[in-house]
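Note: the block below is protein-v2.cif and it holds mmCIF, C-alpha atoms.
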data_coords
loop_
_atom_site.label_atom_id
_atom_site.label_comp_id
_atom_site.auth_asym_id
_atom_site.auth_seq_id
_atom_site.Cartn_x
_atom_site.Cartn_y
_atom_site.Cartn_z
CA MET X 1 0.00 0.00 0.00
CA ARG X 2 1.40 3.38 -0.94
CA GLY X 3 0.43 6.38 1.08
CA VAL X 4 -0.30 9.71 -0.47
CA ASP X 5 2.15 12.53 0.19
CA LEU X 6 0.29 15.68 1.06
CA TYR X 7 3.42 17.70 1.45
CA ASP X 8 6.94 16.47 1.04
CA HIS X 9 9.71 19.03 1.35
CA PRO X 10 11.96 18.43 -1.68
CA PRO X 11 15.36 18.60 0.09
CA TYR X 12 14.04 16.16 2.70
CA ALA X 13 13.00 13.69 0.04
CA ARG X 14 16.39 13.95 -1.63
CA ASN X 15 18.20 13.31 1.62
CA LEU X 16 16.17 10.19 2.30
CA ALA X 17 16.88 8.91 -1.19
CA ASP X 18 20.59 9.50 -0.61
CA GLY X 19 20.46 7.72 2.74
CA GLY X 20 21.14 11.02 4.49
CA SER X 21 21.78 11.15 8.22
CA ASN X 22 19.12 12.01 10.77
CA GLN X 23 20.77 15.38 11.41
CA THR X 24 20.66 16.28 7.75
CA VAL X 25 17.05 15.20 7.51
CA CYS X 26 16.04 17.26 10.53
CA ARG X 27 17.82 20.36 9.29
CA TYR X 28 15.87 20.33 6.06
CA MET X 29 12.61 18.90 7.25
CA ALA X 30 9.64 21.23 7.47
CA SER X 31 7.06 18.49 7.85
CA LEU X 32 5.99 15.34 6.12
CA LYS X 33 2.37 14.33 5.92
CA LYS X 34 1.01 11.12 4.52
CA PHE X 35 -2.39 9.58 4.57
CA PHE X 36 -3.57 6.06 3.92
CA PHE X 37 -7.02 4.69 3.20
CA ILE X 38 -8.19 1.86 5.48
CA LYS X 39 -10.80 -0.49 4.11
CA ALA X 40 -13.23 -2.13 6.51
CA ARG X 41 -12.85 -5.90 7.02
CA ASP X 42 -9.98 -6.08 4.54
CA PHE X 43 -7.80 -8.45 6.56
CA VAL X 44 -5.62 -9.28 3.56
CA HIS X 45 -4.20 -5.75 3.35
CA ALA X 46 -4.70 -4.71 6.97
CA GLY X 47 -1.43 -3.51 8.45
CA GLU X 48 0.23 -2.48 5.18
CA ALA X 49 -0.03 1.23 6.01
CA SER X 50 1.65 0.70 9.38
CA ILE X 51 4.48 -1.31 7.85
CA HIS X 52 4.94 1.47 5.30
CA ILE X 53 5.21 3.98 8.16
CA GLN X 54 7.61 1.70 10.06
CA ASN X 55 9.89 1.43 7.00
CA LEU X 56 9.72 5.19 6.47
CA LEU X 57 10.80 5.85 10.07
CA LYS X 58 13.63 3.31 9.77
CA SER X 59 14.88 5.19 6.71
CA MET X 60 14.97 8.32 8.86
CA HIS X 61 17.25 6.54 11.38
CA LEU X 62 15.00 7.30 14.36
CA ASP X 63 15.57 5.49 17.67
CA PRO X 64 14.49 1.83 17.20
CA ALA X 65 12.54 1.80 20.49
CA LEU X 66 10.61 4.90 19.40
CA ILE X 67 9.93 3.38 15.97
CA ARG X 68 8.57 0.26 17.67
CA ARG X 69 6.20 2.31 19.85
CA ILE X 70 4.94 4.29 16.87
CA ALA X 71 4.58 1.20 14.66
CA ILE X 72 2.62 -0.69 17.35
CA CYS X 73 0.24 2.23 17.90
CA SER X 74 -0.26 2.66 14.17
CA TYR X 75 -0.90 -1.05 13.66
CA GLU X 76 -3.28 -1.36 16.63
CA GLY X 77 -5.20 1.68 15.41
CA GLU X 78 -5.26 0.44 11.84
CA MET X 79 -6.52 -2.98 12.93
CA ASN X 80 -9.19 -1.34 15.09
CA ALA X 81 -10.43 0.62 12.09
CA VAL X 82 -10.41 -2.52 9.92
CA ILE X 83 -12.20 -4.61 12.55
CA HIS X 84 -14.68 -2.13 13.98
CA GLY X 85 -14.71 1.06 12.07
CA GLY X 86 -16.05 0.88 8.59
CA ASP X 87 -13.72 2.56 6.09
CA GLY X 88 -11.29 5.08 7.49
CA ILE X 89 -8.07 7.00 7.02
CA LEU X 90 -4.73 7.02 8.79
CA ASN X 91 -2.86 10.33 8.83
CA VAL X 92 0.76 10.59 9.85
CA ASN X 93 2.38 13.96 10.36
CA ILE X 94 6.12 14.08 11.02
CA GLU X 95 7.64 17.31 12.24
CA SER X 96 11.16 18.00 13.47
CA ASN X 97 10.34 17.33 17.13
CA ARG X 98 7.20 15.22 17.10
CA LEU X 99 5.10 12.74 15.15
CA THR X 100 1.32 12.57 15.17
CA LEU X 101 -0.82 9.59 14.15
CA GLU X 102 -4.49 10.22 13.50
CA ILE X 103 -6.92 7.43 12.68
CA ILE X 104 -10.45 8.38 11.75
CA ASP X 105 -13.06 5.79 10.88
CA GLU X 106 -16.66 5.99 9.79
CA GLY X 107 -18.27 4.31 12.71
CA PRO X 108 -20.15 2.78 14.41
CA GLY X 109 -18.30 4.65 17.12
CA ILE X 110 -17.53 3.66 20.71
CA GLN X 111 -20.42 3.63 23.15
CA ASP X 112 -18.29 3.95 26.28
CA ILE X 113 -14.67 5.03 25.80
CA GLN X 114 -13.73 4.48 29.47
CA LEU X 115 -14.96 0.90 29.21
CA ALA X 116 -13.20 0.36 25.85
CA MET X 117 -9.91 1.49 27.43
CA GLN X 118 -10.10 -1.27 30.04
CA PRO X 119 -7.82 -4.24 29.24
CA GLY X 120 -9.85 -7.27 28.23
CA TYR X 121 -12.98 -5.43 27.12
CA SER X 122 -13.77 -6.19 23.49
CA THR X 123 -16.65 -6.08 21.04
CA ALA X 124 -14.62 -7.62 18.21
CA PRO X 125 -16.36 -10.15 15.96
CA GLU X 126 -15.27 -13.77 15.64
CA GLU X 127 -13.54 -12.97 12.34
CA ALA X 128 -11.07 -10.69 14.15
CA ARG X 129 -10.44 -13.24 16.89
CA GLU X 130 -9.53 -15.82 14.27
CA MET X 131 -6.80 -13.42 13.13
CA GLY X 132 -5.37 -13.24 16.65
CA PHE X 133 -7.02 -9.95 17.61
CA GLY X 134 -10.07 -8.89 19.61
CA ALA X 135 -8.64 -9.59 23.06
CA GLY X 136 -9.46 -6.10 24.29
CA MET X 137 -5.83 -5.03 24.40
CA GLY X 138 -5.62 -2.63 21.46
CA LEU X 139 -6.60 0.68 23.05
CA PRO X 140 -4.71 0.01 26.32
CA ASN X 141 -1.63 -0.89 24.28
CA MET X 142 -1.93 2.32 22.27
CA LYS X 143 -2.19 4.32 25.50
CA LYS X 144 0.85 2.50 26.90
CA ASN X 145 3.03 3.23 23.89
CA ALA X 146 2.01 6.76 22.90
CA ASP X 147 3.32 9.86 24.69
CA ASP X 148 -0.14 11.36 24.41
CA ILE X 149 -3.44 9.92 23.22
CA LEU X 150 -6.85 11.42 22.54
CA ILE X 151 -9.85 9.32 21.56
CA GLU X 152 -13.08 10.96 20.46
CA SER X 153 -16.14 9.09 19.36
CA GLU X 154 -19.69 9.83 18.39
CA PRO X 155 -21.70 6.64 18.89
CA GLY X 156 -23.28 5.64 15.62
CA LYS X 157 -21.03 7.93 13.60
CA ARG X 158 -17.24 7.84 13.86
CA THR X 159 -14.16 7.49 16.02
CA ARG X 160 -11.00 9.58 15.95
CA ALA X 161 -7.85 8.42 17.71
CA CYS X 162 -4.97 10.88 17.81
CA MET X 163 -1.57 9.86 19.21
CA THR X 164 1.50 12.05 19.66
CA PHE X 165 5.12 10.96 20.01
CA PHE X 166 7.91 13.34 21.02
CA LEU X 167 10.91 12.44 18.92
CA GLY X 168 13.53 13.36 21.51
CA LEU X 169 11.80 11.67 24.44
CA THR X 170 12.54 8.20 25.79
CA LYS X 171 9.57 6.37 27.28
CA GLU X 172 9.91 3.19 29.32
CA VAL X 173 7.20 0.73 28.26
CA GLN X 174 6.52 -2.07 30.74
CA MET Z 175 21.72 -19.47 19.80
CA LYS Z 176 21.83 -19.19 16.04
CA LEU Z 177 18.62 -19.53 14.05
CA SER Z 178 20.18 -22.47 12.22
CA GLU Z 179 20.65 -24.28 15.57
CA VAL Z 180 17.07 -23.49 16.55
CA MET Z 181 15.88 -25.03 13.31
CA LEU Z 182 17.92 -28.19 13.90
CA GLU Z 183 16.57 -28.49 17.45
CA LEU Z 184 12.99 -28.18 16.19
CA ASP Z 185 13.52 -30.35 13.08
CA ALA Z 186 12.06 -27.40 11.24
CA THR Z 187 11.62 -26.77 7.55
CA THR Z 188 12.60 -23.39 6.18
CA LEU Z 189 9.71 -21.72 4.35
CA ASN Z 190 11.44 -18.41 3.84
CA GLY Z 191 14.67 -16.70 4.91
CA GLU Z 192 17.45 -19.20 4.16
CA ASP Z 193 19.84 -16.24 4.08
CA LYS Z 194 19.11 -15.28 7.69
CA LEU Z 195 20.00 -18.51 9.48
CA ASN Z 196 23.08 -16.91 11.05
CA GLY Z 197 20.88 -14.55 13.08
CA GLU Z 198 21.15 -14.87 16.88
CA ILE Z 199 18.19 -15.53 19.21
CA ALA Z 200 18.28 -15.23 23.01
CA ARG Z 201 14.58 -14.94 23.91
CA CYS Z 202 11.43 -16.69 22.68
CA GLY Z 203 7.69 -16.25 22.92
CA ALA Z 204 4.80 -18.55 22.06
CA SER Z 205 1.30 -17.27 21.34
CA ASP Z 206 -1.66 -17.56 19.01
CA LEU Z 207 -2.85 -14.17 20.18
CA MET Z 208 -1.32 -11.38 18.12
CA SER Z 209 -2.58 -8.78 20.62
CA ASP Z 210 -0.28 -10.42 23.19
CA VAL Z 211 2.68 -10.29 20.81
CA LEU Z 212 2.12 -6.54 20.35
CA ALA Z 213 1.77 -5.93 24.08
CA ARG Z 214 4.94 -7.74 25.19
CA PRO Z 215 8.68 -7.03 24.70
CA THR Z 216 8.99 -9.15 21.58
CA ASP Z 217 11.66 -7.20 19.71
CA GLY Z 218 14.63 -9.38 18.76
CA THR Z 219 12.82 -12.60 19.70
CA LEU Z 220 11.62 -15.81 18.09
CA LEU Z 221 7.84 -16.27 17.87
CA MET Z 222 6.24 -19.71 17.95
CA THR Z 223 2.61 -19.83 16.88
CA GLY Z 224 -0.07 -21.98 15.34
CA LEU Z 225 -1.67 -19.01 13.58
CA THR Z 226 -0.76 -18.98 9.89
CA THR Z 227 -2.55 -15.87 8.64
CA VAL Z 228 -0.90 -12.90 6.95
CA GLN Z 229 -1.49 -10.90 10.13
CA THR Z 230 1.01 -13.15 11.92
CA VAL Z 231 3.71 -11.96 9.52
CA ARG Z 232 2.68 -8.30 9.79
CA THR Z 233 2.40 -8.46 13.59
CA ALA Z 234 5.86 -10.05 13.77
CA LYS Z 235 7.29 -7.34 11.55
CA ILE Z 236 5.69 -4.50 13.52
CA ALA Z 237 6.73 -6.01 16.87
CA GLY Z 238 10.36 -6.52 15.79
CA VAL Z 239 10.23 -10.33 15.92
CA VAL Z 240 13.30 -11.90 14.25
CA ALA Z 241 11.69 -15.11 12.94
CA VAL Z 242 8.44 -17.09 13.16
CA VAL Z 243 8.10 -20.84 13.76
CA PHE Z 244 4.75 -22.43 12.90
CA VAL Z 245 4.12 -25.39 15.19
CA ARG Z 246 2.35 -28.74 14.62
CA GLY Z 247 3.64 -28.87 11.03
CA LYS Z 248 1.46 -25.95 10.00
CA ARG Z 249 2.27 -24.05 6.84
CA PRO Z 250 0.82 -20.73 5.76
CA ALA Z 251 -0.68 -20.19 2.31
CA PRO Z 252 1.76 -19.28 -0.50
CA GLU Z 253 0.54 -15.66 -0.52
CA VAL Z 254 1.45 -15.35 3.17
CA ILE Z 255 4.96 -16.64 2.44
CA LYS Z 256 5.16 -14.08 -0.37
CA VAL Z 257 4.37 -11.28 2.09
CA ALA Z 258 7.04 -12.64 4.46
CA GLN Z 259 9.57 -12.60 1.61
CA ALA Z 260 8.71 -8.99 0.85
CA GLU Z 261 9.05 -8.04 4.51
CA GLY Z 262 12.24 -10.06 5.09
CA MET Z 263 10.63 -12.21 7.80
CA PRO Z 264 12.06 -15.76 8.04
CA LEU Z 265 9.37 -18.45 8.45
CA PHE Z 266 9.84 -22.02 9.64
CA SER Z 267 7.58 -25.00 10.20
CA SER Z 268 8.20 -27.53 12.97
CA PRO Z 269 6.41 -30.88 13.26
CA TYR Z 270 6.37 -30.58 17.07
CA SER Z 271 3.59 -29.14 19.22
CA MET Z 272 3.90 -25.68 20.77
CA PHE Z 273 4.64 -27.33 24.13
CA VAL Z 274 7.42 -29.51 22.77
CA CYS Z 275 8.95 -26.68 20.72
CA CYS Z 276 9.08 -24.49 23.84
CA GLY Z 277 10.51 -27.32 25.94
CA ARG Z 278 13.25 -28.12 23.46
CA LEU Z 279 14.39 -24.50 23.18
CA HIS Z 280 14.18 -23.93 26.93
CA ALA Z 281 16.35 -27.01 27.49
CA ARG Z 282 18.91 -25.44 25.18
CA GLY Z 283 19.11 -22.33 27.36
CA LEU Z 284 16.76 -19.91 25.65
CA ALA Z 285 14.77 -17.52 27.86
CA GLY Z 286 11.26 -16.07 27.76
CA LEU Z 287 10.38 -12.60 26.51
CA ASP Z 288 11.30 -10.96 29.82
CA GLY Z 289 14.65 -12.76 29.89
CA ARG Z 290 13.65 -15.20 32.66
CA ARG Z 291 14.05 -18.96 32.38
#

Can the structure from this file be put into structure tokens for me?
Amino acid sequence: MRGVDLYDHPPYARNLADGGSNQTVCRYMASLKKFFFIKARDFVHAGEASIHIQNLLKSMHLDPALIRRIAICSYEGEMNAVIHGGDGILNVNIESNRLTLEIIDEGPGIQDIQLAMQPGYSTAPEEAREMGFGAGMGLPNMKKNADDILIESEPGKRTRACMTFFLGLTKEVQ
Amino acid sequence: MKLSEVMLELDATTLNGEDKLNGEIARCGASDLMSDVLARPTDGTLLMTGLTTVQTVRTAKIAGVVAVVFVRGKRPAPEVIKVAQAEGMPLFSSPYSMFVCCGRLHARGLAGLDGRR
């Protein structure tokens, strides 16, 4: 799956292509935004956007532990949208000091966000459980790995999960 | 322990990743629940599972797993192996059960995900 570049600063793109160092990338980088379409119940392609993001971050030579946290949050969010959400989009916005992941799906929304954040609570269908998901650990895992998380939902309409990662910050994940 | 030694211990068949058998493994995890794999410190580890879907490969890649062993002689569909090739994820198939695979590797000194034995 290829994401769509909304804005890609030309010198930044050239430095990535040349295998430029992180310092060089940061000096030139204004911001990089990509978005990916997420198709509901498409388990064959589910996760491709997150792997694309993971590979992109590796090419930027970010801290491997930070890349893992971002990739896990992206993947959990992407799988949530595939399993629960109807079609959706995944936005990633990379700035010099922080990265933001935003996942917006077209419903049916979360009835009780507090309850959904509790480990073990799940409304996932059997189809998702057969894929090894639906154990009620997605949202808690996203909260654990992100530096900041905001989840908004209108029951019957949509859900928006926004996660922020500070690129210079080290977070211990238990 | 080298991946090649792990494969010998498990009498495993290589499905993908013949070029990565020199990789080193110190910790292992066993799960059919991908949510668990994502929630635990699985980076740099070997994953043993009976789940052969494409999401096993993607979860392993996202979580930083070094290689995947399918237990009980299970083999994923060719398109799943194709995805693993594209992602550089070695896949193996062992005829032993999950329990026996874990026991054999534990007896050879490998630790769990948290480093404990």

- Query: Expressed in Å to a single decimal, how great is the separation between atom CA of Z:Ser205 and atom CA of X:Gly132?
  - Reply: 9.1 Å

- Message: Select, as a list in words, those residues of chain Z with any atom no more than 6 Å from chain X (distances computed using all atoms listed in the file).
- Response: Leu207, Met208, Ser209 and Ile236 of chain Z

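Of the residues under consideration (X:Arg98, X:Arg41, X:His61, X:Lys143), X:Arg98 shows the shortest atom-to-atom contact distance to X:Gly168 when counting all atoms listed in the file.
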
- Message: Can you pull out the residues contacting stretch 109-116 of chain X? Cut-off 8 Å, using only C-alpha atoms, and skip same-chain residues under 2 positions away; I want them as a ChimeraX atom specification.
- Response: /X:85,106-107,118-119,121-122,136,139,151,153-159

For the residues in the current selection, export C-alpha atoms as a CSV table (one decimal), in the coordinates of the input.
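Generated file (part35.csv):
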chain,number,residue,atom,x,y,z
X,85,GLY,CA,-14.7,1.1,12.1
X,106,GLU,CA,-16.7,6.0,9.8
X,107,GLY,CA,-18.3,4.3,12.7
X,118,GLN,CA,-10.1,-1.3,30.0
X,119,PRO,CA,-7.8,-4.2,29.2
X,121,TYR,CA,-13.0,-5.4,27.1
X,122,SER,CA,-13.8,-6.2,23.5
X,136,GLY,CA,-9.5,-6.1,24.3
X,139,LEU,CA,-6.6,0.7,23.0
X,151,ILE,CA,-9.8,9.3,21.6
X,153,SER,CA,-16.1,9.1,19.4
X,154,GLU,CA,-19.7,9.8,18.4
X,155,PRO,CA,-21.7,6.6,18.9
X,156,GLY,CA,-23.3,5.6,15.6
X,157,LYS,CA,-21.0,7.9,13.6
X,158,ARG,CA,-17.2,7.8,13.9
X,159,THR,CA,-14.2,7.5,16.0

- Item | Explicit residue set for the PyMOL selection byres ((chain Z and resi 283) around 12), as a PyMOL selection string | chain Z and resi 175+180+183+199-202+276-282+284-286+289-291

- Task: Taking the point (-9.6, 11.0, 16.7) as given in the file, collect each protein or nucleic acid residue that comes within 10 Å of it, counting all atoms listed in the file, and present the set as a ChimeraX atom specification.
- Result: /X:101-105,149-153,158-163

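Of the residues under consideration (Z:Phe244, Z:Leu189, Z:Thr219, Z:Leu177), Z:Phe244 shows the shortest atom-to-atom contact distance to Z:Ser271 when counting only C-alpha atoms.
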
Supply stretch 230-264 of chain Z as a PDB file, in the coordinates of the input, with N, CA and C atoms built in where the input has gaps.
ATOM      1  N   THR Z 230      -0.110 -12.666  11.102  1.00  0.00           N
ATOM      2  CA  THR Z 230       1.010 -13.150  11.920  1.00  0.00           C
ATOM      3  C   THR Z 230       2.309 -12.534  11.419  1.00  0.00           C
ATOM      4  N   VAL Z 231       2.480 -12.518  10.102  1.00  0.00           N
ATOM      5  CA  VAL Z 231       3.710 -11.960   9.520  1.00  0.00           C
ATOM      6  C   VAL Z 231       3.779 -10.459   9.791  1.00  0.00           C
ATOM      7  N   ARG Z 232       2.657  -9.762   9.596  1.00  0.00           N
ATOM      8  CA  ARG Z 232       2.680  -8.300   9.790  1.00  0.00           C
ATOM      9  C   ARG Z 232       2.880  -7.949  11.267  1.00  0.00           C
ATOM     10  N   THR Z 233       2.224  -8.705  12.155  1.00  0.00           N
ATOM     11  CA  THR Z 233       2.400  -8.460  13.590  1.00  0.00           C
ATOM     12  C   THR Z 233       3.865  -8.676  13.971  1.00  0.00           C
ATOM     13  N   ALA Z 234       4.462  -9.760  13.463  1.00  0.00           N
ATOM     14  CA  ALA Z 234       5.860 -10.050  13.770  1.00  0.00           C
ATOM     15  C   ALA Z 234       6.767  -8.917  13.299  1.00  0.00           C
ATOM     16  N   LYS Z 235       6.485  -8.432  12.115  1.00  0.00           N
ATOM     17  CA  LYS Z 235       7.290  -7.340  11.550  1.00  0.00           C
ATOM     18  C   LYS Z 235       7.162  -6.071  12.398  1.00  0.00           C
ATOM     19  N   ILE Z 236       5.934  -5.711  12.730  1.00  0.00           N
ATOM     20  CA  ILE Z 236       5.690  -4.500  13.520  1.00  0.00           C
ATOM     21  C   ILE Z 236       6.342  -4.627  14.898  1.00  0.00           C
ATOM     22  N   ALA Z 237       6.251  -5.817  15.496  1.00  0.00           N
ATOM     23  CA  ALA Z 237       6.730  -6.010  16.870  1.00  0.00           C
ATOM     24  C   ALA Z 237       8.243  -6.243  16.939  1.00  0.00           C
ATOM     25  N   GLY Z 238       8.911  -6.339  15.787  1.00  0.00           N
ATOM     26  CA  GLY Z 238      10.360  -6.520  15.790  1.00  0.00           C
ATOM     27  C   GLY Z 238      10.807  -7.954  16.018  1.00  0.00           C
ATOM     28  N   VAL Z 239       9.894  -8.907  15.791  1.00  0.00           N
ATOM     29  CA  VAL Z 239      10.230 -10.330  15.920  1.00  0.00           C
ATOM     30  C   VAL Z 239      11.255 -10.702  14.829  1.00  0.00           C
ATOM     31  N   VAL Z 240      12.220 -11.560  15.181  1.00  0.00           N
ATOM     32  CA  VAL Z 240      13.300 -11.900  14.250  1.00  0.00           C
ATOM     33  C   VAL Z 240      12.895 -13.025  13.293  1.00  0.00           C
ATOM     34  N   ALA Z 241      12.123 -13.991  13.787  1.00  0.00           N
ATOM     35  CA  ALA Z 241      11.690 -15.110  12.940  1.00  0.00           C
ATOM     36  C   ALA Z 241      10.455 -15.765  13.556  1.00  0.00           C
ATOM     37  N   VAL Z 242       9.681 -16.442  12.705  1.00  0.00           N
ATOM     38  CA  VAL Z 242       8.440 -17.090  13.160  1.00  0.00           C
ATOM     39  C   VAL Z 242       8.531 -18.585  12.900  1.00  0.00           C
ATOM     40  N   VAL Z 243       8.188 -19.385  13.923  1.00  0.00           N
ATOM     41  CA  VAL Z 243       8.100 -20.840  13.760  1.00  0.00           C
ATOM     42  C   VAL Z 243       6.622 -21.248  13.862  1.00  0.00           C
ATOM     43  N   PHE Z 244       6.111 -21.890  12.840  1.00  0.00           N
ATOM     44  CA  PHE Z 244       4.750 -22.430  12.900  1.00  0.00           C
ATOM     45  C   PHE Z 244       4.836 -23.840  13.466  1.00  0.00           C
ATOM     46  N   VAL Z 245       4.036 -24.099  14.494  1.00  0.00           N
ATOM     47  CA  VAL Z 245       4.120 -25.390  15.190  1.00  0.00           C
ATOM     48  C   VAL Z 245       3.128 -26.395  14.582  1.00  0.00           C
ATOM     49  N   ARG Z 246       3.232 -27.637  15.056  1.00  0.00           N
ATOM     50  CA  ARG Z 246       2.350 -28.740  14.620  1.00  0.00           C
ATOM     51  C   ARG Z 246       2.354 -28.937  13.108  1.00  0.00           C
ATOM     52  N   GLY Z 247       3.503 -28.649  12.472  1.00  0.00           N
ATOM     53  CA  GLY Z 247       3.640 -28.870  11.030  1.00  0.00           C
ATOM     54  C   GLY Z 247       2.808 -27.941  10.179  1.00  0.00           C
ATOM     55  N   LYS Z 248       2.305 -26.875  10.766  1.00  0.00           N
ATOM     56  CA  LYS Z 248       1.460 -25.950  10.000  1.00  0.00           C
ATOM     57  C   LYS Z 248       2.289 -25.168   8.986  1.00  0.00           C
ATOM     58  N   ARG Z 249       1.630 -24.862   7.880  1.00  0.00           N
ATOM     59  CA  ARG Z 249       2.270 -24.050   6.840  1.00  0.00           C
ATOM     60  C   ARG Z 249       1.271 -22.999   6.370  1.00  0.00           C
ATOM     61  N   PRO Z 250       1.728 -21.776   6.256  1.00  0.00           N
ATOM     62  CA  PRO Z 250       0.820 -20.730   5.760  1.00  0.00           C
ATOM     63  C   PRO Z 250       0.597 -20.869   4.255  1.00  0.00           C
ATOM     64  N   ALA Z 251      -0.402 -20.183   3.750  1.00  0.00           N
ATOM     65  CA  ALA Z 251      -0.680 -20.190   2.310  1.00  0.00           C
ATOM     66  C   ALA Z 251       0.462 -19.504   1.555  1.00  0.00           C
ATOM     67  N   PRO Z 252       0.651 -19.863   0.277  1.00  0.00           N
ATOM     68  CA  PRO Z 252       1.760 -19.280  -0.500  1.00  0.00           C
ATOM     69  C   PRO Z 252       1.752 -17.758  -0.493  1.00  0.00           C
ATOM     70  N   GLU Z 253       0.565 -17.140  -0.498  1.00  0.00           N
ATOM     71  CA  GLU Z 253       0.540 -15.660  -0.520  1.00  0.00           C
ATOM     72  C   GLU Z 253       1.064 -15.066   0.791  1.00  0.00           C
ATOM     73  N   VAL Z 254       0.910 -15.823   1.886  1.00  0.00           N
ATOM     74  CA  VAL Z 254       1.450 -15.350   3.170  1.00  0.00           C
ATOM     75  C   VAL Z 254       2.983 -15.432   3.139  1.00  0.00           C
ATOM     76  N   ILE Z 255       3.506 -16.506   2.564  1.00  0.00           N
ATOM     77  CA  ILE Z 255       4.960 -16.640   2.440  1.00  0.00           C
ATOM     78  C   ILE Z 255       5.515 -15.530   1.542  1.00  0.00           C
ATOM     79  N   LYS Z 256       4.744 -15.167   0.526  1.00  0.00           N
ATOM     80  CA  LYS Z 256       5.160 -14.080  -0.370  1.00  0.00           C
ATOM     81  C   LYS Z 256       5.276 -12.762   0.397  1.00  0.00           C
ATOM     82  N   VAL Z 257       4.306 -12.495   1.274  1.00  0.00           N
ATOM     83  CA  VAL Z 257       4.370 -11.280   2.090  1.00  0.00           C
ATOM     84  C   VAL Z 257       5.597 -11.314   2.995  1.00  0.00           C
ATOM     85  N   ALA Z 258       5.871 -12.496   3.581  1.00  0.00           N
ATOM     86  CA  ALA Z 258       7.040 -12.640   4.460  1.00  0.00           C
ATOM     87  C   ALA Z 258       8.335 -12.382   3.680  1.00  0.00           C
ATOM     88  N   GLN Z 259       8.385 -12.850   2.444  1.00  0.00           N
ATOM     89  CA  GLN Z 259       9.570 -12.600   1.610  1.00  0.00           C
ATOM     90  C   GLN Z 259       9.745 -11.106   1.396  1.00  0.00           C
ATOM     91  N   ALA Z 260       8.646 -10.436   1.094  1.00  0.00           N
ATOM     92  CA  ALA Z 260       8.710  -8.990   0.850  1.00  0.00           C
ATOM     93  C   ALA Z 260       9.134  -8.232   2.100  1.00  0.00           C
ATOM     94  N   GLU Z 261       8.740  -8.736   3.260  1.00  0.00           N
ATOM     95  CA  GLU Z 261       9.050  -8.040   4.510  1.00  0.00           C
ATOM     96  C   GLU Z 261      10.350  -8.535   5.151  1.00  0.00           C
ATOM     97  N   GLY Z 262      10.989  -9.539   4.537  1.00  0.00           N
ATOM     98  CA  GLY Z 262      12.240 -10.060   5.090  1.00  0.00           C
ATOM     99  C   GLY Z 262      12.052 -10.799   6.408  1.00  0.00           C
ATOM    100  N   MET Z 263      10.920 -11.483   6.545  1.00  0.00           N
ATOM    101  CA  MET Z 263      10.630 -12.210   7.800  1.00  0.00           C
ATOM    102  C   MET Z 263      10.828 -13.714   7.581  1.00  0.00           C
ATOM    103  N   PRO Z 264      11.855 -14.323   8.199  1.00  0.00           N
ATOM    104  CA  PRO Z 264      12.060 -15.760   8.040  1.00  0.00           C
ATOM    105  C   PRO Z 264      10.897 -16.555   8.665  1.00  0.00           C
TER     106      PRO Z 264
END
